[in-house]
Each structure stands twice: as structure tokens, then as C-alpha cells.
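Here's target-v1.txt, which has compact mmCIF, C-alpha atoms:
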```
# COMPACT_ATOMS: atom_id res chain seq x y z
CA MET A 1 -28.91 -29.75 -29.92
CA ALA A 2 -28.14 -26.07 -29.35
CA PRO A 3 -25.59 -25.32 -26.63
CA VAL A 4 -27.10 -24.15 -23.35
CA LEU A 5 -25.27 -22.22 -20.66
CA ASP A 6 -25.24 -23.85 -17.24
CA PRO A 7 -27.15 -21.49 -14.90
CA THR A 8 -25.48 -23.08 -11.85
CA TRP A 9 -21.92 -22.39 -13.03
CA GLU A 10 -19.82 -20.21 -10.75
CA ASN A 11 -16.46 -18.65 -11.54
CA PRO A 12 -13.98 -20.34 -9.13
CA TYR A 13 -11.82 -17.20 -9.12
CA ALA A 14 -14.65 -14.89 -8.10
CA PRO A 15 -15.45 -14.71 -4.36
CA SER A 16 -19.01 -15.61 -3.46
CA ALA A 17 -21.33 -14.77 -0.60
CA ARG A 18 -21.08 -18.43 0.42
CA GLU A 19 -17.29 -18.19 0.72
CA ARG A 20 -17.48 -15.08 2.89
CA ALA A 21 -20.12 -16.74 5.07
CA VAL A 22 -17.82 -19.74 5.60
CA HIS A 23 -15.09 -17.49 6.98
CA GLN A 24 -17.48 -15.65 9.28
CA ALA A 25 -18.87 -18.96 10.53
CA ALA A 26 -15.33 -20.19 11.24
CA LEU A 27 -14.67 -17.11 13.35
CA ARG A 28 -17.84 -17.60 15.36
CA ARG A 29 -17.20 -21.31 15.75
CA PHE A 30 -13.78 -20.57 17.23
CA ALA A 31 -15.31 -18.04 19.62
CA ARG A 32 -17.96 -20.54 20.76
CA ARG A 33 -15.27 -23.14 21.47
CA ARG A 34 -13.51 -20.69 23.75
CA GLN A 35 -16.75 -20.40 25.71
CA LEU A 36 -17.40 -24.15 25.77
CA PRO A 37 -16.52 -24.69 29.48
CA LEU A 38 -18.86 -21.89 30.52
CA SER A 39 -21.57 -23.16 28.15
CA VAL A 40 -21.34 -26.62 29.71
CA ALA A 41 -21.52 -25.15 33.22
CA VAL A 42 -24.59 -23.08 32.35
CA GLY A 43 -26.19 -26.10 30.71
CA VAL A 44 -25.69 -28.16 33.89
CA VAL A 45 -27.29 -25.41 35.97
CA VAL A 46 -30.27 -25.15 33.62
CA VAL A 47 -30.80 -28.92 33.64
CA ALA A 48 -30.57 -28.98 37.44
CA LEU A 49 -33.15 -26.20 37.73
CA VAL A 50 -35.50 -28.03 35.38
CA ALA A 51 -35.09 -31.21 37.44
CA LEU A 52 -36.01 -29.29 40.59
CA VAL A 53 -39.44 -28.48 39.19
CA VAL A 54 -40.82 -31.40 41.21
CA VAL A 55 -39.69 -29.58 44.36
CA SER A 56 -40.57 -26.01 43.35
CA PRO A 57 -42.47 -24.88 40.27
CA TRP A 58 -40.47 -21.64 40.40
CA SER A 59 -37.30 -23.48 39.42
CA ILE A 60 -38.45 -23.64 35.81
CA LEU A 61 -38.61 -19.85 35.80
CA GLY A 62 -35.06 -19.79 37.13
CA ALA A 63 -33.96 -22.09 34.31
CA VAL A 64 -35.53 -19.77 31.73
CA VAL A 65 -33.86 -16.71 33.28
CA VAL A 66 -30.43 -18.36 33.42
CA ALA A 67 -30.71 -19.61 29.83
CA GLY A 68 -31.92 -16.21 28.62
CA LEU A 69 -29.15 -14.29 30.36
CA TYR A 70 -26.50 -16.63 28.99
CA ALA A 71 -27.91 -16.37 25.47
CA TRP A 72 -27.71 -12.55 25.77
CA TYR A 73 -24.14 -12.78 27.10
CA LEU A 74 -23.06 -15.17 24.33
CA HIS A 75 -24.54 -12.91 21.66
CA ARG A 76 -22.57 -9.95 23.03
CA TYR A 77 -19.43 -12.03 23.37
CA LEU A 78 -19.57 -13.23 19.75
CA ARG A 79 -20.16 -9.69 18.48
CA ASP A 80 -17.25 -8.32 20.51
CA PHE A 81 -14.99 -11.22 19.51
CA GLU A 82 -15.50 -10.48 15.81
CA SER A 83 -14.42 -6.87 16.35
CA ARG A 84 -11.19 -7.66 18.22
CA GLY A 85 -9.24 -7.51 15.00
CA LEU A 86 -9.93 -3.77 14.78
CA ALA A 87 -7.40 -3.15 17.57
CA LEU A 88 -4.56 -4.52 15.43
CA GLU A 89 -4.37 -1.48 13.16
CA LYS A 90 -3.35 0.90 15.95
CA VAL A 91 -0.82 -1.58 17.34
CA LEU A 92 0.83 -2.08 13.96
CA ARG A 93 0.96 1.63 13.23
CA SER A 94 2.72 2.27 16.54
CA SER A 95 5.21 -0.52 15.80
CA PHE A 96 6.44 0.98 12.52
CA THR A 97 8.19 4.18 11.49
CA LEU A 98 6.46 5.85 8.57
CA THR A 99 8.71 6.77 5.68
CA GLY A 100 8.70 7.06 1.89
CA THR A 101 9.46 9.79 -0.61
CA PRO A 102 6.56 11.93 -1.91
CA HIS A 103 6.91 10.12 -5.23
CA ASP A 104 6.61 6.67 -3.64
CA VAL A 105 3.71 7.76 -1.43
CA ALA A 106 1.85 9.07 -4.48
CA ARG A 107 2.69 5.94 -6.48
CA LEU A 108 1.35 3.63 -3.79
CA ALA A 109 -1.78 5.75 -3.32
CA THR A 110 -2.49 5.57 -7.07
CA VAL A 111 -2.17 1.78 -7.10
CA VAL A 112 -4.42 1.46 -4.04
CA ASP A 113 -7.09 3.77 -5.47
CA ARG A 114 -7.25 1.86 -8.75
CA LEU A 115 -7.31 -1.61 -7.24
CA SER A 116 -9.72 -0.67 -4.44
CA ALA A 117 -12.33 0.02 -7.10
CA THR A 118 -11.55 -3.32 -8.78
CA PHE A 119 -11.99 -5.29 -5.56
CA GLY A 120 -14.80 -3.20 -4.09
CA VAL A 121 -12.88 -2.36 -0.91
CA ASP A 122 -13.39 1.22 0.26
CA GLY A 123 -11.54 3.37 2.77
CA VAL A 124 -8.00 2.00 2.35
CA THR A 125 -5.26 4.28 3.71
CA PRO A 126 -1.77 3.29 2.48
CA TYR A 127 1.39 3.69 4.58
CA ILE A 128 5.02 3.12 3.64
CA VAL A 129 6.95 1.84 6.67
CA ALA A 130 10.67 1.60 7.26
CA ASP A 131 11.81 -2.01 7.09
CA ALA A 132 14.43 -3.88 5.08
CA GLY A 133 12.18 -6.93 4.61
CA TYR A 134 9.78 -7.44 1.73
CA ASN A 135 6.22 -7.56 3.01
CA ALA A 136 2.84 -5.83 3.21
CA ALA A 137 -0.31 -6.15 5.28
CA LEU A 138 -3.90 -4.99 5.03
CA VAL A 139 -5.48 -4.46 8.44
CA PRO A 140 -9.08 -3.50 9.29
CA GLY A 141 -9.62 -0.49 11.51
CA VAL A 142 -12.48 1.44 13.03
CA ASP A 143 -12.62 3.91 10.11
CA GLY A 144 -11.64 1.63 7.22
CA PHE A 145 -8.47 -0.25 6.35
CA SER A 146 -4.76 0.46 6.64
CA LEU A 147 -2.29 -0.95 4.14
CA PHE A 148 1.30 -1.19 5.37
CA VAL A 149 4.01 -1.67 2.73
CA THR A 150 7.70 -1.81 3.57
CA ASP A 151 10.00 0.73 1.92
CA ALA A 152 12.25 -2.15 0.77
CA LEU A 153 9.35 -3.55 -1.23
CA MET A 154 8.54 -0.12 -2.67
CA ARG A 155 12.18 0.35 -3.69
CA ASP A 156 12.96 -3.05 -5.21
CA PHE A 157 9.68 -4.31 -6.70
CA GLU A 158 8.59 -3.51 -10.23
CA LEU A 159 5.28 -1.71 -10.64
CA ILE A 160 3.45 -4.86 -11.78
CA GLU A 161 4.83 -6.70 -8.73
CA LEU A 162 3.71 -3.92 -6.39
CA GLU A 163 0.24 -3.99 -7.95
CA ALA A 164 0.11 -7.75 -7.44
CA VAL A 165 1.02 -7.45 -3.75
CA VAL A 166 -1.67 -4.81 -3.17
CA ALA A 167 -4.18 -6.91 -5.12
CA HIS A 168 -3.41 -9.91 -2.93
CA CYS A 169 -3.99 -7.90 0.24
CA LEU A 170 -7.30 -6.54 -1.05
CA ALA A 171 -8.32 -10.03 -2.18
CA ARG A 172 -8.16 -11.23 1.43
CA GLN A 173 -10.90 -8.77 2.33
CA ARG A 174 -12.81 -9.57 -0.86
CA VAL A 175 -13.02 -13.29 -0.03
CA GLY A 176 -13.98 -12.53 3.58
CA ALA A 177 -10.85 -14.01 5.19
CA LEU A 178 -9.32 -10.81 6.57
CA GLY A 179 -11.62 -10.61 9.58
CA ARG A 180 -10.63 -14.00 11.00
CA GLN A 181 -6.95 -13.41 10.21
CA ALA A 182 -6.97 -10.02 11.96
CA VAL A 183 -8.55 -11.53 15.08
CA ALA A 184 -5.97 -14.34 15.10
CA ALA A 185 -3.19 -11.74 14.88
CA ALA A 186 -4.70 -9.38 17.47
CA LEU A 187 -5.09 -12.14 20.06
CA ALA A 188 -1.39 -13.07 19.69
CA LEU A 189 -2.22 -16.75 20.04
CA PRO A 190 0.34 -19.56 19.73
CA ALA A 191 0.72 -20.75 16.14
CA GLY A 192 -0.99 -24.08 16.81
CA VAL A 193 -4.04 -22.32 18.24
CA ALA A 194 -4.08 -19.40 15.82
CA ARG A 195 -3.82 -21.40 12.60
CA PRO A 196 -7.35 -22.92 12.76
CA LEU A 197 -8.72 -19.45 13.39
CA ALA A 198 -6.63 -17.71 10.71
CA GLY A 199 -7.39 -20.51 8.25
CA ASP A 200 -5.15 -22.93 6.43
CA ASP A 201 -3.69 -21.96 3.05
CA LEU A 202 -5.86 -18.84 2.64
CA ALA A 203 -2.92 -16.88 1.22
CA TYR A 204 -3.00 -19.29 -1.73
CA ARG A 205 -6.70 -18.58 -2.25
CA ALA A 206 -6.09 -14.81 -2.14
CA ASP A 207 -3.40 -15.30 -4.81
CA GLU A 208 -5.96 -16.92 -7.12
CA VAL A 209 -8.46 -14.10 -6.72
CA ALA A 210 -5.81 -11.40 -7.07
CA ALA A 211 -4.19 -12.94 -10.16
CA ALA A 212 -7.56 -13.33 -11.87
CA ALA A 213 -8.42 -9.70 -11.15
CA ILE A 214 -5.16 -8.18 -12.42
CA ARG A 215 -4.97 -10.77 -15.25
CA TYR A 216 -1.23 -11.24 -14.80
CA PRO A 217 -0.35 -14.12 -12.50
CA LEU A 218 3.35 -13.88 -13.39
CA GLY A 219 3.55 -10.47 -11.71
CA LEU A 220 2.36 -11.96 -8.45
CA ALA A 221 4.63 -14.98 -8.93
CA ALA A 222 7.63 -12.68 -9.36
CA ALA A 223 6.74 -10.79 -6.17
CA LEU A 224 6.47 -14.05 -4.24
CA ARG A 225 9.81 -15.27 -5.58
CA ARG A 226 11.46 -12.07 -4.38
CA CYS A 227 10.01 -12.71 -0.92
CA ALA A 228 11.04 -16.37 -0.98
CA THR A 229 14.65 -15.62 -1.87
CA GLN A 230 15.15 -12.81 0.63
CA SER A 231 16.48 -13.43 4.11
CA PRO A 232 15.30 -10.45 6.19
CA PRO A 233 18.15 -8.78 8.14
CA SER A 234 18.34 -9.20 11.89
CA ASP A 235 16.93 -5.71 12.57
CA SER A 236 13.87 -6.29 10.38
CA PHE A 237 10.43 -6.46 11.97
CA LEU A 238 10.03 -9.76 10.15
CA ARG A 239 12.59 -11.20 12.58
CA ASP A 240 10.72 -9.88 15.60
CA ARG A 241 8.85 -12.30 17.84
CA ARG A 242 5.71 -10.19 17.41
CA TYR A 243 5.68 -10.93 13.71
CA GLU A 244 5.20 -14.62 14.45
CA SER A 245 1.90 -13.74 16.15
CA TRP A 246 0.86 -11.11 13.60
CA ARG A 247 1.98 -12.88 10.42
CA TRP A 248 -1.53 -14.02 9.48
CA VAL A 249 -2.38 -10.61 7.96
CA PHE A 250 0.88 -10.26 6.00
CA PHE A 251 1.43 -10.93 2.32
CA ASN A 252 4.35 -13.26 3.04
CA VAL A 253 2.99 -15.34 5.90
CA ALA A 254 6.17 -17.41 6.04
CA ALA A 255 8.78 -14.63 6.16
CA GLN A 256 10.54 -16.29 9.11
CA SER A 257 10.70 -19.70 7.43
CA ASP A 258 13.68 -21.10 5.57
CA ALA A 259 13.15 -20.00 1.97
CA THR A 260 14.85 -23.14 0.67
CA GLU A 261 12.23 -25.40 2.22
CA VAL A 262 9.01 -25.93 0.32
CA GLY A 263 6.22 -26.26 2.84
CA GLY A 264 2.45 -25.91 2.68
CA LEU A 265 0.41 -23.69 0.41
CA ASP A 266 1.30 -20.60 2.44
CA ASP A 267 4.95 -20.98 1.43
CA PRO A 268 5.80 -18.14 -1.02
CA LEU A 269 7.82 -20.45 -3.27
CA VAL A 270 4.94 -22.91 -3.55
CA ARG A 271 2.56 -20.07 -4.27
CA ALA A 272 4.90 -18.68 -6.95
CA ARG A 273 5.24 -22.05 -8.68
CA ALA A 274 1.48 -22.52 -8.73
CA LEU A 275 0.98 -19.13 -10.37
CA GLU A 276 3.70 -19.80 -12.94
CA GLU A 277 1.90 -23.02 -13.97
CA TRP A 278 -1.49 -21.33 -14.20
```

Can you present the structure in this file as C-alpha cells?
Amino acid sequence: MAPVLDPTWENPYAPSARERAVHQAALRRFARRRQLPLSVAVGVVVVALVALVVVSPWSILGAVVVAGLYAWYLHRYLRDFESRGLALEKVLRSSFTLTGTPHDVARLATVVDRLSATFGVDGVTPYIVADAGYNAALVPGVDGFSLFVTDALMRDFELIELEAVVAHCLARQRVGALGRQAVAAALALPAGVARPLAGDDLAYRADEVAAAAIRYPLGLAAALRRCATQSPPSDSFLRDRRYESWRWVFFNVAAQSDATEVGGLDDPLVRARALEEW
């Protein structure tokens, strides 16, 4: 029998519309849970108004009005909740000091331009920020995206490692995870509350997509090992309490963790080992 290609086969390293829809649904599900007490209260009122129809026929109209107004409110709330991550870009930019030599600025811009086309992410503005820690973050904004890369990373990472870090950041947007992560960071929620919103182990998934796109997983593994073996100095932003709330959008999510401890799939050392075995 002649070989036949499976029409249902999907490349596991290529993001799909279904994957992006899952992340958007997770964001909306989290927003609805935050409104659950109000939803229950409105539901009780609507049921009570319907029950009062035996007393006054007009109560059914009241139930319809209350339900309609709440549906309109909930729609607006969900739409606004999804856009809360856009405020993070301005906050991060004000928290950093821009730096970088003209050569480094041009080098980063070239890498971003080339990889933006590969990942289909438009409107990315790169910034080199002064910090002794190794990290980077892609953040959505009103007019596009901002990519923040520390000058320590620009100075110490090889070109292939820098490309891998940028590819990882762009891959987060490509898979549809960046929106929920930006909202989790912007709300500055406690870790236990923010993690379900930001998503478990999504940095690992972005590694897969990035490594497949640049076709050199060892470059990304090397970048992660550098992050895992560095202990950021005390004056680094990565030691700041704000980073703990904002870490969901950063390349090294676990920069404040003990690099000698192997944790979940967000741990840079675990991620590096997985890429090296690929």
C-alpha cells in the first residue's frame, strides 16, 4: 500500500489557533471568577424577581432588565480586564534606566527585526536597560510591544544566545500566552493567585517554539544555563520585590530562586537540560 500523509497531523512545535484560544479562555475564566460573588448576587435578585411574578407581572420585566444590565456590565468588564496588561509597559519603562552603546542598540534592533518576521510579531521596540542581572521581557503596549533586555545580558551573551532569548520572548506572544502573563504581572497579585492566571510551565512551552524556529536548541540552553548559574547582585532589579509580581513576563521567571535547586518546568536549569536532550 502506498504511504499516505495524515491530514490531521499537527506540528507540536508550531502554535495553533486552538492553543491561543485556550490562553484567552483562561484569562476570561479568571476574570469571571473574580466576579463570581457579584454574579451570584445578581442571580439571586433575578430569581427573586421571577418568583414575584405571581404578585406583579411587572416583576418579570424587572428580571429581564437586571439580567440585561449585568450581561452588559460583564461584557465590558471582561474586555477591560483583558487590556489591563497594556499598563505594564509604561510601568516597566519608568522602572528602568535606558542604556547601551550605539553598537549594542543596533545589534539588538537587527536581531529583533529578523526574528519578528519569523514569529509574525509586529511593532516590537527594543530597549537596553541598566541592570547587572541576566534577563529580558516582552511586554504588550498600546502601540505595539516593548522588549527590555538588560545590558549585562547584551554584554555577556553570545549572539546565538541573544537570538535565543529574543526568540523565546516573541514565542510567548506567538503561542498566545503573553496576554494572560502581562495581566498577571500588571495586577501585582500574590504568587499563589497569579500563577493560575499566568499559566503553569508556559516558559517551557515558549522554549520549544523558540528552539524549533531558530533551529538551534543548544543556543537557548546555553542562555538558560547562564541565567541559572548567576546570582543577581543586591542592587539588581531582579532582587526587587516588584520583580516577584512582574516575573511572569520575564525570560527567567525564577531569577530569585536558588539556582542550585531544580524545581518545576519554569526553572531555567530544568529548561536547559530539556533543550540539551532534544

Cut-off 10 Å around (7.2, 1.2, 15.1) with all atoms listed in the file: residues as a PDB file with C-alpha atoms, keeping the file's coordinate frame:
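part_36.pdb was written with the following content:
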```
ATOM      1  CA  VAL A  91      -0.820  -1.580  17.340  1.00  0.00           C
ATOM      2  CA  LEU A  92       0.830  -2.080  13.960  1.00  0.00           C
ATOM      3  CA  ARG A  93       0.960   1.630  13.230  1.00  0.00           C
ATOM      4  CA  SER A  94       2.720   2.270  16.540  1.00  0.00           C
ATOM      5  CA  SER A  95       5.210  -0.520  15.800  1.00  0.00           C
ATOM      6  CA  PHE A  96       6.440   0.980  12.520  1.00  0.00           C
ATOM      7  CA  THR A  97       8.190   4.180  11.490  1.00  0.00           C
ATOM      8  CA  LEU A  98       6.460   5.850   8.570  1.00  0.00           C
ATOM      9  CA  VAL A 129       6.950   1.840   6.670  1.00  0.00           C
ATOM     10  CA  ALA A 130      10.670   1.600   7.260  1.00  0.00           C
ATOM     11  CA  ASP A 131      11.810  -2.010   7.090  1.00  0.00           C
ATOM     12  CA  PHE A 237      10.430  -6.460  11.970  1.00  0.00           C
TER      13      PHE A 237
END
```

- Item | Residue nearest His168 (chain A) among A:Ala198, A:Leu115, A:Ala25, A:Val50 (counting all atoms listed in the file) |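 Closest residue, counting all atoms listed in the file: A:Leu115.
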
- Item | Selected residue, from A:Leu170, A:Leu159, A:Ala186, A:Ala117, that lies nearest to Ala222 (chain A) when counting only C-alpha atoms |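 Of the candidates, the smallest distance to Ala222 (chain A) is held by A:Leu159.
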
- What does the distance from CA of Val121 (chain A) to CA of Arg205 (chain A) come to in Å, to one decimal?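 CA of Val121 (chain A) sits 17.4 Å away from CA of Arg205 (chain A).
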
Can you list, as a tab-separated table (two decimals) with C-alpha atoms, in the coordinates of the input, every protein, DNA or RNA residue that comes within 8 Å of Ala213 (chain A) when you count only C-alpha atoms, leaving out same-chain residues fewer than 3 positions away?
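So result.tsv came out as:
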```
chain	number	residue	atom	x	y	z
A	118	THR	CA	-11.55	-3.32	-8.78
A	119	PHE	CA	-11.99	-5.29	-5.56
A	167	ALA	CA	-4.18	-6.91	-5.12
A	209	VAL	CA	-8.46	-14.10	-6.72
A	210	ALA	CA	-5.81	-11.40	-7.07
```

Exercise on region 22-28 of chain A, axis-aligned box with 8 Å per side, report centre and edge lengths in Å to one decimal, as AutoDock Vina command-line options:
```
--center_x -16.8 --center_y -17.9 --center_z 10.5 --size_x 20.2 --size_y 20.5 --size_z 25.8
```

- Show which residues sit within 6 Å of Phe251 (chain A), as number ranges by chain. Count only C-alpha atoms, and ignore same-chain residues fewer than 6 positions away. A: 135-137

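Restricting the calculation to only C-alpha atoms, the smallest distance between Tyr13 (chain A) and any of A:Arg114, A:Arg273, A:Arg239, A:Arg215 is found for A:Arg215.
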
List every residue of region 114-193 of chain A that has an atom at most 9 Å from any atom of region 199-202 of chain A, and for each one report the closest atom pair and its distance in Å to one decimal, counting all atoms listed in the file, with rows sorted by chain and then by increasing residue number, as a Markdown table.
```
| residue | atom | partner | partner_atom | distance |
| --- | --- | --- | --- | --- |
| A:Arg172 | CA | A:Leu202 | CA | 8.0 |
| A:Ala177 | CA | A:Leu202 | CA | 7.4 |
| A:Arg180 | CA | A:Gly199 | CA | 7.8 |
| A:Gln181 | CA | A:Gly199 | CA | 7.4 |
```

Create the file for the chosen residues now, containing C-alpha atoms and written as a PDB file, in the coordinates of the input.
```pdb
ATOM      1  CA  ARG A 172      -8.160 -11.230   1.430  1.00  0.00           C
ATOM      2  CA  ALA A 177     -10.850 -14.010   5.190  1.00  0.00           C
ATOM      3  CA  ARG A 180     -10.630 -14.000  11.000  1.00  0.00           C
ATOM      4  CA  GLN A 181      -6.950 -13.410  10.210  1.00  0.00           C
TER       5      GLN A 181
END
```

- Of the candidates A:Asp122, A:Tyr216, A:Ser236, A:Arg28, which one gets nearest to Asp151 (chain A) if we count all atoms listed in the file?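 Of A:Asp122, A:Tyr216, A:Ser236, A:Arg28, the one nearest Asp151 (chain A), counting all atoms listed in the file, is A:Ser236.
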
- Shell around Glu158 (chain A) at 12 Å using only C-alpha atoms, local window under 3 positions removed, as an MDAnalysis selection string: chainID A and resid 107 152:155 161:165 219:220 222:223 226

Residue rebuild result region 88-114 of chain A, N, CA, C and O atoms as a short mmCIF file (atom, residue, chain, number, x, y, z; two decimals), in the coordinates of the input:
```cif
data_model
loop_
_atom_site.label_atom_id
_atom_site.label_comp_id
_atom_site.auth_asym_id
_atom_site.auth_seq_id
_atom_site.Cartn_x
_atom_site.Cartn_y
_atom_site.Cartn_z
N LEU A 88 -5.88 -4.21 15.99
CA LEU A 88 -4.56 -4.52 15.43
C LEU A 88 -3.98 -3.34 14.65
O LEU A 88 -2.77 -3.13 14.66
N GLU A 89 -4.84 -2.57 14.00
CA GLU A 89 -4.37 -1.48 13.16
C GLU A 89 -3.56 -0.46 13.96
O GLU A 89 -2.47 -0.04 13.55
N LYS A 90 -4.06 -0.07 15.11
CA LYS A 90 -3.35 0.90 15.95
C LYS A 90 -2.04 0.33 16.48
O LYS A 90 -1.02 1.03 16.55
N VAL A 91 -2.05 -0.95 16.82
CA VAL A 91 -0.82 -1.58 17.34
C VAL A 91 0.25 -1.64 16.26
O VAL A 91 1.43 -1.33 16.50
N LEU A 92 -0.13 -2.01 15.05
CA LEU A 92 0.83 -2.08 13.96
C LEU A 92 1.38 -0.70 13.61
O LEU A 92 2.59 -0.54 13.37
N ARG A 93 0.51 0.29 13.59
CA ARG A 93 0.96 1.63 13.23
C ARG A 93 1.99 2.16 14.24
O ARG A 93 2.94 2.83 13.88
N SER A 94 1.78 1.83 15.51
CA SER A 94 2.72 2.27 16.54
C SER A 94 4.02 1.47 16.52
O SER A 94 5.01 1.89 17.10
N SER A 95 4.02 0.33 15.85
CA SER A 95 5.21 -0.52 15.80
C SER A 95 6.14 -0.16 14.65
O SER A 95 7.28 -0.63 14.62
N PHE A 96 5.66 0.63 13.70
CA PHE A 96 6.44 0.98 12.52
C PHE A 96 6.80 2.46 12.52
O PHE A 96 6.12 3.28 13.15
N THR A 97 7.83 2.79 11.77
CA THR A 97 8.19 4.18 11.49
C THR A 97 7.78 4.50 10.06
O THR A 97 8.22 3.83 9.12
N LEU A 98 6.92 5.49 9.90
CA LEU A 98 6.46 5.85 8.57
C LEU A 98 7.58 6.53 7.80
O LEU A 98 8.36 7.31 8.35
N THR A 99 7.66 6.23 6.52
CA THR A 99 8.71 6.77 5.68
C THR A 99 8.18 6.86 4.25
O THR A 99 6.99 6.78 4.01
N GLY A 100 9.08 7.02 3.29
CA GLY A 100 8.70 7.06 1.89
C GLY A 100 8.82 8.45 1.29
O GLY A 100 8.42 9.44 1.92
N THR A 101 9.37 8.52 0.09
CA THR A 101 9.46 9.79 -0.61
C THR A 101 8.07 10.20 -1.10
O THR A 101 7.18 9.36 -1.24
N PRO A 102 7.86 11.50 -1.36
CA PRO A 102 6.56 11.93 -1.91
C PRO A 102 6.18 11.18 -3.18
O PRO A 102 5.00 10.86 -3.39
N HIS A 103 7.19 10.86 -3.99
CA HIS A 103 6.91 10.12 -5.23
C HIS A 103 6.39 8.72 -4.92
O HIS A 103 5.40 8.27 -5.51
N ASP A 104 7.04 8.03 -3.99
CA ASP A 104 6.61 6.67 -3.64
C ASP A 104 5.24 6.68 -2.96
O ASP A 104 4.42 5.77 -3.19
N VAL A 105 5.01 7.66 -2.10
CA VAL A 105 3.71 7.76 -1.43
C VAL A 105 2.60 7.95 -2.46
O VAL A 105 1.55 7.31 -2.39
N ALA A 106 2.84 8.84 -3.44
CA ALA A 106 1.85 9.07 -4.48
C ALA A 106 1.66 7.85 -5.36
O ALA A 106 0.55 7.51 -5.77
N ARG A 107 2.77 7.15 -5.64
CA ARG A 107 2.69 5.94 -6.48
C ARG A 107 1.87 4.86 -5.80
O ARG A 107 1.01 4.23 -6.42
N LEU A 108 2.11 4.64 -4.52
CA LEU A 108 1.35 3.63 -3.79
C LEU A 108 -0.12 4.02 -3.68
O LEU A 108 -1.01 3.17 -3.86
N ALA A 109 -0.39 5.29 -3.42
CA ALA A 109 -1.78 5.75 -3.32
C ALA A 109 -2.53 5.54 -4.63
O ALA A 109 -3.72 5.16 -4.64
N THR A 110 -1.86 5.76 -5.76
CA THR A 110 -2.49 5.57 -7.07
C THR A 110 -2.85 4.10 -7.29
O THR A 110 -3.94 3.77 -7.77
N VAL A 111 -1.92 3.22 -6.95
CA VAL A 111 -2.17 1.78 -7.10
C VAL A 111 -3.33 1.35 -6.22
O VAL A 111 -4.22 0.60 -6.65
N VAL A 112 -3.35 1.82 -4.98
CA VAL A 112 -4.42 1.46 -4.04
C VAL A 112 -5.76 1.97 -4.53
O VAL A 112 -6.77 1.24 -4.49
N ASP A 113 -5.82 3.21 -4.99
CA ASP A 113 -7.09 3.77 -5.47
C ASP A 113 -7.65 2.96 -6.64
O ASP A 113 -8.85 2.67 -6.70
N ARG A 114 -6.78 2.60 -7.56
CA ARG A 114 -7.25 1.86 -8.75
C ARG A 114 -7.72 0.46 -8.39
O ARG A 114 -8.79 0.01 -8.83
#
```
